[in-house]
file data.tsv (TSV, C-alpha atoms)
chain	number	residue	atom	x	y	z
A	9	MET	CA	136.13	-59.31	170.01
A	10	ILE	CA	136.03	-59.11	173.80
A	11	LEU	CA	134.21	-61.81	175.77
A	12	TYR	CA	132.55	-60.59	178.96
A	13	PRO	CA	131.68	-63.22	181.58
A	14	ALA	CA	128.54	-62.10	183.37
A	15	LEU	CA	128.18	-61.74	187.12
A	16	ASP	CA	124.57	-60.91	188.01
A	17	LEU	CA	124.10	-59.97	191.65
A	18	LYS	CA	120.96	-60.61	193.69
A	19	ASN	CA	120.88	-60.57	197.48
A	20	GLY	CA	124.68	-60.59	197.51
A	21	GLN	CA	124.85	-63.80	195.48
A	22	CYS	CA	125.84	-64.61	191.92
A	23	VAL	CA	122.71	-65.70	190.04
A	24	ARG	CA	121.29	-66.15	186.57
A	25	LEU	CA	117.73	-65.28	185.62
A	26	LEU	CA	115.47	-66.81	182.99
A	27	ARG	CA	114.29	-64.11	180.57
A	28	GLY	CA	114.86	-61.51	183.27
A	29	ALA	CA	112.34	-62.91	185.77
A	30	MET	CA	113.56	-62.11	189.28
A	31	ASP	CA	111.47	-64.95	190.72
A	32	LYS	CA	113.29	-67.41	188.46
A	33	ALA	CA	116.79	-66.84	189.76
A	34	THR	CA	119.24	-69.72	190.00
A	35	VAL	CA	122.00	-69.19	192.55
A	36	TYR	CA	125.36	-70.34	191.17
A	37	ASN	CA	127.76	-68.93	193.73
A	38	ASP	CA	127.14	-67.32	197.08
A	39	ASN	CA	130.55	-65.62	196.81
A	40	PRO	CA	130.60	-63.49	193.65
A	41	LEU	CA	134.17	-62.41	194.32
A	42	HIS	CA	135.36	-66.02	194.14
A	43	GLN	CA	133.43	-66.39	190.88
A	44	ALA	CA	135.10	-63.29	189.50
A	45	HIS	CA	138.53	-64.66	190.33
A	46	GLU	CA	137.63	-67.93	188.62
A	47	PHE	CA	136.77	-66.11	185.41
A	48	ILE	CA	139.95	-64.06	185.60
A	49	GLY	CA	141.94	-67.25	186.06
A	50	GLN	CA	140.43	-68.52	182.79
A	51	GLY	CA	141.60	-65.43	180.94
A	52	ALA	CA	138.80	-62.87	181.30
A	53	GLU	CA	139.86	-59.44	180.05
A	54	TRP	CA	136.74	-57.72	181.40
A	55	LEU	CA	133.95	-58.52	183.85
A	56	HIS	CA	130.32	-57.64	183.17
A	57	VAL	CA	128.57	-57.02	186.49
A	58	VAL	CA	124.88	-56.22	186.99
A	59	ASP	CA	123.22	-55.24	190.26
A	60	LEU	CA	119.85	-56.89	189.59
A	61	ASP	CA	118.32	-55.59	192.80
A	62	GLY	CA	119.50	-52.11	191.85
A	63	ALA	CA	117.90	-52.38	188.43
A	64	VAL	CA	114.53	-52.96	190.08
A	65	THR	CA	114.81	-50.44	192.93
A	66	GLY	CA	116.48	-47.70	190.89
A	67	HIS	CA	119.50	-47.33	193.15
A	68	PRO	CA	122.57	-49.47	193.95
A	69	VAL	CA	121.90	-52.36	196.33
A	70	ASN	CA	124.84	-54.77	196.05
A	71	GLY	CA	127.43	-52.06	196.49
A	72	ALA	CA	129.61	-53.91	198.99
A	73	VAL	CA	130.06	-56.83	196.60
A	74	VAL	CA	130.96	-54.53	193.71
A	75	ARG	CA	133.45	-52.59	195.82
A	76	GLY	CA	135.12	-55.85	196.78
A	77	MET	CA	135.46	-56.82	193.12
A	78	VAL	CA	136.91	-53.46	192.17
A	79	ALA	CA	139.41	-53.64	195.02
A	80	GLU	CA	140.60	-57.19	194.32
A	81	CYS	CA	140.14	-57.88	190.60
A	82	ARG	CA	142.90	-56.87	188.23
A	83	VAL	CA	140.71	-56.56	185.13
A	84	PRO	CA	138.33	-53.72	184.21
A	85	ILE	CA	134.72	-53.96	185.29
A	86	GLN	CA	131.64	-52.65	183.52
A	87	LEU	CA	128.71	-52.21	185.88
A	88	GLY	CA	124.99	-51.78	185.37
A	89	GLY	CA	121.87	-51.80	187.50
A	90	GLY	CA	120.25	-48.86	189.27
A	91	ILE	CA	122.61	-46.20	187.89
A	92	ARG	CA	120.30	-43.27	187.19
A	93	THR	CA	121.98	-40.10	188.48
A	94	MET	CA	125.23	-38.25	187.92
A	95	ASP	CA	126.07	-38.70	191.59
A	96	THR	CA	125.83	-42.48	191.26
A	97	ILE	CA	127.85	-42.46	188.04
A	98	HIS	CA	130.56	-40.39	189.70
A	99	ALA	CA	130.59	-42.57	192.82
A	100	TRP	CA	131.16	-45.79	190.86
A	101	LEU	CA	133.78	-44.35	188.54
A	102	ASP	CA	135.52	-42.72	191.48
A	103	ILE	CA	136.11	-46.06	193.22
A	104	GLY	CA	137.53	-47.62	190.08
A	105	VAL	CA	134.68	-49.08	188.01
A	106	SER	CA	135.95	-48.81	184.43
A	107	ARG	CA	132.61	-48.32	182.69
A	108	VAL	CA	129.07	-47.77	183.90
A	109	ILE	CA	126.02	-48.97	182.01
A	110	LEU	CA	122.95	-46.77	181.80
A	111	GLY	CA	119.72	-48.60	181.06
A	112	THR	CA	116.32	-47.29	182.12
A	113	VAL	CA	117.56	-43.71	182.35
A	114	ALA	CA	118.78	-43.77	178.74
A	115	LEU	CA	115.17	-44.00	177.62
A	116	LYS	CA	113.55	-41.86	180.28
A	117	ASN	CA	116.22	-39.16	180.58
A	118	PRO	CA	118.51	-39.26	177.52
A	119	ALA	CA	119.93	-35.86	178.44
A	120	LEU	CA	121.72	-37.58	181.32
A	121	VAL	CA	123.50	-39.87	178.85
A	122	PHE	CA	124.80	-36.86	176.92
A	123	GLU	CA	125.86	-35.16	180.16
A	124	ALA	CA	127.60	-38.27	181.48
A	125	CYS	CA	129.42	-38.98	178.23
A	126	LYS	CA	130.71	-35.42	178.14
A	127	ALA	CA	131.89	-35.59	181.75
A	128	TYR	CA	133.35	-39.10	181.45
A	129	PRO	CA	134.52	-39.87	177.89
A	130	ASN	CA	134.71	-43.58	177.02
A	131	LYS	CA	133.30	-44.49	180.44
A	132	ILE	CA	129.59	-44.69	179.62
A	133	ALA	CA	127.81	-47.60	177.97
A	134	VAL	CA	124.08	-47.92	177.33
A	135	GLY	CA	122.19	-51.14	177.86
A	136	ILE	CA	119.37	-51.63	175.37
A	137	ASP	CA	117.22	-54.52	176.51
A	138	ALA	CA	114.49	-55.39	174.04
A	139	ARG	CA	111.32	-57.42	174.18
A	140	ASP	CA	110.00	-58.11	170.67
A	141	GLY	CA	112.19	-55.26	169.44
A	142	PHE	CA	110.91	-52.68	171.95
A	143	VAL	CA	113.00	-51.28	174.79
A	144	ALA	CA	112.23	-52.65	178.26
A	145	THR	CA	113.02	-50.72	181.44
A	146	GLU	CA	112.76	-50.89	185.24
A	147	GLY	CA	114.52	-54.23	185.51
A	148	TRP	CA	112.55	-55.42	182.44
A	149	TYR	CA	109.21	-55.03	184.20
A	150	GLU	CA	108.06	-52.33	181.78
A	151	THR	CA	108.09	-52.38	177.97
A	152	SER	CA	108.11	-49.09	176.08
A	153	THR	CA	106.84	-48.17	172.63
A	154	VAL	CA	110.36	-47.18	171.51
A	155	THR	CA	112.31	-49.60	169.35
A	156	ALA	CA	115.89	-50.53	170.14
A	157	ILE	CA	117.14	-48.99	166.90
A	158	ASP	CA	115.26	-45.72	167.47
A	159	LEU	CA	116.78	-45.36	170.94
A	160	ALA	CA	120.26	-46.13	169.62
A	161	ARG	CA	119.91	-43.49	166.90
A	162	LYS	CA	118.84	-40.88	169.45
A	163	LEU	CA	122.08	-41.50	171.35
A	164	GLU	CA	124.38	-41.67	168.34
A	165	ASP	CA	125.97	-38.27	168.95
A	166	ALA	CA	126.26	-38.62	172.71
A	167	GLY	CA	129.69	-40.27	172.71
A	168	VAL	CA	128.54	-43.61	174.13
A	169	ALA	CA	131.42	-46.09	174.43
A	170	ALA	CA	129.26	-49.11	173.61
A	171	LEU	CA	125.69	-50.35	173.29
A	172	ILE	CA	124.89	-53.59	175.08
A	173	TYR	CA	122.01	-55.24	173.26
A	174	THR	CA	120.01	-57.98	174.98
A	175	ASP	CA	117.09	-59.87	173.49
A	176	ILE	CA	115.11	-60.61	176.64
A	177	ALA	CA	113.38	-63.63	175.11
A	178	ARG	CA	116.79	-65.28	174.66
A	179	ASP	CA	118.37	-64.25	177.95
A	180	GLY	CA	119.20	-67.17	180.21
A	181	THR	CA	117.80	-69.72	177.78
A	182	LYS	CA	121.01	-70.89	176.05
A	183	GLY	CA	118.87	-70.92	172.90
A	184	GLY	CA	121.27	-68.88	170.78
A	185	VAL	CA	121.98	-65.18	170.36
A	186	ASN	CA	119.60	-63.10	168.27
A	187	VAL	CA	122.40	-62.33	165.83
A	188	LEU	CA	120.15	-60.80	163.18
A	189	ALA	CA	118.62	-58.22	165.53
A	190	THR	CA	122.03	-57.46	167.00
A	191	SER	CA	123.53	-57.02	163.54
A	192	ASP	CA	120.65	-54.78	162.48
A	193	LEU	CA	121.28	-52.56	165.49
A	194	ALA	CA	125.01	-52.44	164.82
A	195	ASP	CA	124.38	-51.56	161.17
A	196	ALA	CA	122.07	-48.71	162.18
A	197	VAL	CA	124.60	-46.75	164.25
A	198	ARG	CA	128.31	-46.05	164.50
A	199	ILE	CA	128.48	-47.05	168.15
A	200	PRO	CA	130.19	-50.39	168.92
A	201	VAL	CA	127.71	-53.06	169.98
A	202	ILE	CA	128.11	-55.80	172.58
A	203	ALA	CA	125.81	-58.79	172.09
A	204	SER	CA	124.07	-60.38	175.05
A	205	GLY	CA	121.52	-63.09	175.77
A	206	GLY	CA	121.20	-66.68	174.65
A	207	VAL	CA	124.74	-68.03	174.32
A	208	GLY	CA	124.54	-71.79	174.81
A	209	SER	CA	127.45	-73.30	172.92
A	210	LEU	CA	130.76	-72.53	171.29
A	211	ALA	CA	128.87	-72.56	167.99
A	212	ASP	CA	126.94	-69.52	169.24
A	213	VAL	CA	130.22	-67.76	169.98
A	214	GLN	CA	131.38	-68.57	166.46
A	215	LYS	CA	128.12	-67.28	164.97
A	216	VAL	CA	128.54	-63.92	166.67
A	217	LEU	CA	132.14	-63.78	165.47
A	218	ASP	CA	130.95	-64.39	161.93
A	219	HIS	CA	128.82	-61.24	162.21
A	220	ALA	CA	131.47	-59.09	163.89
A	221	HIS	CA	132.01	-57.11	160.69
A	222	HIS	CA	128.64	-55.44	161.28
A	223	GLY	CA	130.13	-53.66	164.29
A	224	ILE	CA	129.64	-56.26	167.02
A	225	GLU	CA	132.71	-55.84	169.18
A	226	GLY	CA	131.87	-57.88	172.26
A	227	LEU	CA	129.82	-60.77	173.61
A	228	ILE	CA	128.47	-61.33	177.12
A	229	ILE	CA	128.27	-64.95	178.27
A	230	GLY	CA	126.36	-66.04	181.34
A	231	ARG	CA	124.44	-69.24	182.01
A	232	ALA	CA	126.44	-71.35	179.52
A	233	LEU	CA	129.56	-70.76	181.62
A	234	TYR	CA	127.80	-71.50	184.90
A	235	ASP	CA	126.21	-74.68	183.51
A	236	LYS	CA	129.64	-75.68	182.17
A	237	ALA	CA	128.48	-75.99	178.56
A	238	PHE	CA	132.00	-74.78	177.88
A	239	THR	CA	134.66	-72.82	179.73
A	240	LEU	CA	135.69	-69.23	179.21
A	241	ASP	CA	139.16	-70.23	178.07
A	242	GLU	CA	137.59	-72.52	175.44
A	243	ALA	CA	135.50	-69.61	174.17
A	244	LEU	CA	138.55	-67.35	174.13
A	245	ALA	CA	140.36	-69.95	172.03
A	246	VAL	CA	137.56	-69.73	169.44
A	247	VAL	CA	138.01	-65.94	169.32
A	248	LYS	CA	141.77	-66.26	169.03
A	249	GLU	CA	141.48	-68.76	166.20
A	250	LYS	CA	139.08	-66.45	164.33
call {"tool": "encode", "arguments": {"input": "data.tsv", "output": "C-alpha cells"}}
result
Amino acid sequence: MILYPALDLKNGQCVRLLRGAMDKATVYNDNPLHQAHEFIGQGAEWLHVVDLDGAVTGHPVNGAVVRGMVAECRVPIQLGGGIRTMDTIHAWLDIGVSRVILGTVALKNPALVFEACKAYPNKIAVGIDARDGFVATEGWYETSTVTAIDLARKLEDAGVAALIYTDIARDGTKGGVNVLATSDLADAVRIPVIASGGVGSLADVQKVLDHAHHGIEGLIIGRALYDKAFTLDEALAVVKEK
C-alpha cells in the first residue's frame, strides 16, 4: 500500500480544511515546497497535491507552486483541483505531473474521462468525494443525486488508474477513515481505490491495511501529519511491518 501525504494549496499556502469548508482552513506552512521536501525526507514515495482554489473556480490557480514542486521534488506527484479540460490535463502532464485527478468533470462530463484515459494511459485518476454516499462536486459545494458506487461503475471501462474516495464528513476530522464505505466501493469495481479522509492515528492506518484485500491500494494522510499525531516514517513502518 502506498501512503500519500497530502498538500492542499490555498492562496499559495499549505492548508487543511475541515470537512471541505474553505472558510475553515488552517494554514500549516506558507511554503508548500518546503513541506513537500519534509515529507520526502521522511520517505514519501508519492505526493498528493490539491489546488483547492482551482477546485472552486474550475481552473488551475496555484500553478506556480505546483510547477515548483514538479521541478524540485524527486517523487511522483498526483494533482487534482480545477482540471476539467483536455488542454489542462495535457499542460500538467507535459510539465511532469505523474497523474492528474479528475473530480467534478468525471460526473458532469464522463466522456472526458474516457478520452483522457485513452490519450494518457495510467495517468488519470478520478476523485470521488461523497457526502452521505452521494457524489459532491464544485469543490464540495454541490451534492449530486449520483452515488459513489454508481459513478465508479460508469467509469469501470475507461481505464482509470485509480479512484480516490473521500468521505467528506470525515475529512480533516481525524475521526477515522470510513473503511466500510471505501471497501464497498473497492468491492464494486476492478479499479484500484485510494482511501482518503479521517486518518487520525496509526491505528487508522492499520485498519485500512486490514481491509487492503478488498482492493484498497493507497491511503492519503493529511491533518494527522500536520498536527504531529504521528510522522510519515512511523506510518510507513506500519505498512512495512504489515
call {"tool": "residues_around", "arguments": {"input": "data.tsv", "residues": "Gly183 (chain A)", "least_positions_apart": "6", "cutoff": "8 Å", "atoms": "all atoms listed in the file", "output": "PyMOL selection string"}}
result
chain A and resi 206-208
call {"tool": "closest_residue", "arguments": {"input": "data.tsv", "among": "A:Ala29, A:Thr112, A:Gly51, A:Val35", "to": "Glu242 (chain A)", "atoms": "all atoms listed in the file"}}
result
A:Gly51
call {"tool": "closest_residue", "arguments": {"input": "data.tsv", "among": "A:Lys248, A:His222, A:Arg231, A:Lys236", "to": "Arg24 (chain A)", "atoms": "only C-alpha atoms"}}
result
A:Arg231
call {"tool": "residues_around", "arguments": {"input": "data.tsv", "residues": "Tyr36 (chain A)", "least_positions_apart": "4", "cutoff": "12 Å", "atoms": "only C-alpha atoms", "output": "ChimeraX atom specification"}}
result
/A:14-18,20-25,40,42-43,230-236
call {"tool": "residues_around", "arguments": {"input": "data.tsv", "residues": "Asp102 (chain A)", "least_positions_apart": "4", "cutoff": "12 Å", "atoms": "all atoms listed in the file", "output": "short mmCIF file (atom, residue, chain, number, x, y, z; two decimals) with C-alpha atoms, in the frame of the given file"}}
result
data_model
loop_
_atom_site.label_atom_id
_atom_site.label_comp_id
_atom_site.auth_asym_id
_atom_site.auth_seq_id
_atom_site.Cartn_x
_atom_site.Cartn_y
_atom_site.Cartn_z
CA ARG A 75 133.45 -52.59 195.82
CA VAL A 78 136.91 -53.46 192.17
CA MET A 94 125.23 -38.25 187.92
CA ASP A 95 126.07 -38.70 191.59
CA THR A 96 125.83 -42.48 191.26
CA ILE A 97 127.85 -42.46 188.04
CA HIS A 98 130.56 -40.39 189.70
CA SER A 106 135.95 -48.81 184.43
CA ARG A 107 132.61 -48.32 182.69
CA VAL A 108 129.07 -47.77 183.90
CA TYR A 128 133.35 -39.10 181.45
CA LYS A 131 133.30 -44.49 180.44
#
call {"tool": "residues_around", "arguments": {"input": "data.tsv", "residues": "Pro129 (chain A)", "least_positions_apart": "4", "cutoff": "10 Å", "atoms": "only C-alpha atoms", "output": "list of chain:residue names"}}
result
A:Arg107, A:Ala124, A:Cys125, A:Ala166, A:Gly167, A:Val168, A:Ala169
call {"tool": "decode", "arguments": {"input": "data.tsv", "residues": "region 135-196 of chain A", "atoms": "C-alpha atoms", "output": "mmCIF file, in the first residue's frame"}}
result
data_model
loop_
_atom_site.group_PDB
_atom_site.id
_atom_site.type_symbol
_atom_site.label_atom_id
_atom_site.label_comp_id
_atom_site.auth_asym_id
_atom_site.auth_seq_id
_atom_site.Cartn_x
_atom_site.Cartn_y
_atom_site.Cartn_z
ATOM 1 C CA GLY A 135 -11.597 11.647 -7.252
ATOM 2 C CA ILE A 136 -14.949 10.529 -5.853
ATOM 3 C CA ASP A 137 -15.852 12.750 -2.935
ATOM 4 C CA ALA A 138 -19.030 11.667 -1.191
ATOM 5 C CA ARG A 139 -21.419 13.271 1.241
ATOM 6 C CA ASP A 140 -23.723 10.659 2.795
ATOM 7 C CA GLY A 141 -22.808 8.349 -0.077
ATOM 8 C CA PHE A 142 -23.625 10.840 -2.858
ATOM 9 C CA VAL A 143 -21.009 12.452 -5.087
ATOM 10 C CA ALA A 144 -20.164 16.078 -4.307
ATOM 11 C CA THR A 145 -18.716 18.448 -6.905
ATOM 12 C CA GLU A 146 -17.551 22.042 -7.435
ATOM 13 C CA GLY A 147 -15.131 21.992 -4.527
ATOM 14 C CA TRP A 148 -17.757 20.096 -2.479
ATOM 15 C CA TYR A 149 -20.239 22.959 -2.666
ATOM 16 C CA GLU A 150 -22.748 20.882 -4.636
ATOM 17 C CA THR A 151 -24.073 17.402 -3.868
ATOM 18 C CA SER A 152 -25.461 15.282 -6.697
ATOM 19 C CA THR A 153 -28.054 12.515 -6.721
ATOM 20 C CA VAL A 154 -25.478 10.003 -8.017
ATOM 21 C CA THR A 155 -23.956 7.549 -5.560
ATOM 22 C CA ALA A 156 -20.225 6.982 -5.373
ATOM 23 C CA ILE A 157 -20.594 3.358 -6.438
ATOM 24 C CA ASP A 158 -22.808 4.232 -9.421
ATOM 25 C CA LEU A 159 -20.255 6.757 -10.676
ATOM 26 C CA ALA A 160 -17.410 4.286 -10.217
ATOM 27 C CA ARG A 161 -19.273 1.627 -12.199
ATOM 28 C CA LYS A 162 -19.893 4.067 -15.054
ATOM 29 C CA LEU A 163 -16.143 4.607 -15.317
ATOM 30 C CA GLU A 164 -15.100 0.981 -14.935
ATOM 31 C CA ASP A 165 -14.182 0.515 -18.598
ATOM 32 C CA ALA A 166 -12.487 3.878 -19.023
ATOM 33 C CA GLY A 167 -9.017 2.734 -17.966
ATOM 34 C CA VAL A 168 -8.825 4.870 -14.823
ATOM 35 C CA ALA A 169 -5.561 4.314 -12.928
ATOM 36 C CA ALA A 170 -7.154 4.768 -9.503
ATOM 37 C CA LEU A 171 -10.235 6.010 -7.686
ATOM 38 C CA ILE A 172 -9.618 8.345 -4.764
ATOM 39 C CA TYR A 173 -12.527 8.002 -2.361
ATOM 40 C CA THR A 174 -13.127 10.671 0.277
ATOM 41 C CA ASP A 175 -15.899 10.673 2.847
ATOM 42 C CA ILE A 176 -16.392 14.415 3.262
ATOM 43 C CA ALA A 177 -17.864 14.043 6.754
ATOM 44 C CA ARG A 178 -14.572 12.501 7.906
ATOM 45 C CA ASP A 179 -12.171 14.765 6.028
ATOM 46 C CA GLY A 180 -9.976 16.850 8.296
ATOM 47 C CA THR A 181 -11.562 15.475 11.460
ATOM 48 C CA LYS A 182 -9.016 12.780 12.417
ATOM 49 C CA GLY A 183 -12.085 10.746 13.386
ATOM 50 C CA GLY A 184 -11.120 7.634 11.440
ATOM 51 C CA VAL A 185 -11.432 6.536 7.831
ATOM 52 C CA ASN A 186 -14.796 5.311 6.582
ATOM 53 C CA VAL A 187 -13.302 1.901 5.873
ATOM 54 C CA LEU A 188 -16.631 0.181 5.250
ATOM 55 C CA ALA A 189 -17.738 2.617 2.539
ATOM 56 C CA THR A 190 -14.278 2.539 0.982
ATOM 57 C CA SER A 191 -14.258 -1.259 0.989
ATOM 58 C CA ASP A 192 -17.741 -1.367 -0.532
ATOM 59 C CA LEU A 193 -16.573 0.872 -3.356
ATOM 60 C CA ALA A 194 -13.451 -1.207 -3.923
ATOM 61 C CA ASP A 195 -15.529 -4.393 -3.979
ATOM 62 C CA ALA A 196 -17.878 -2.911 -6.577
#
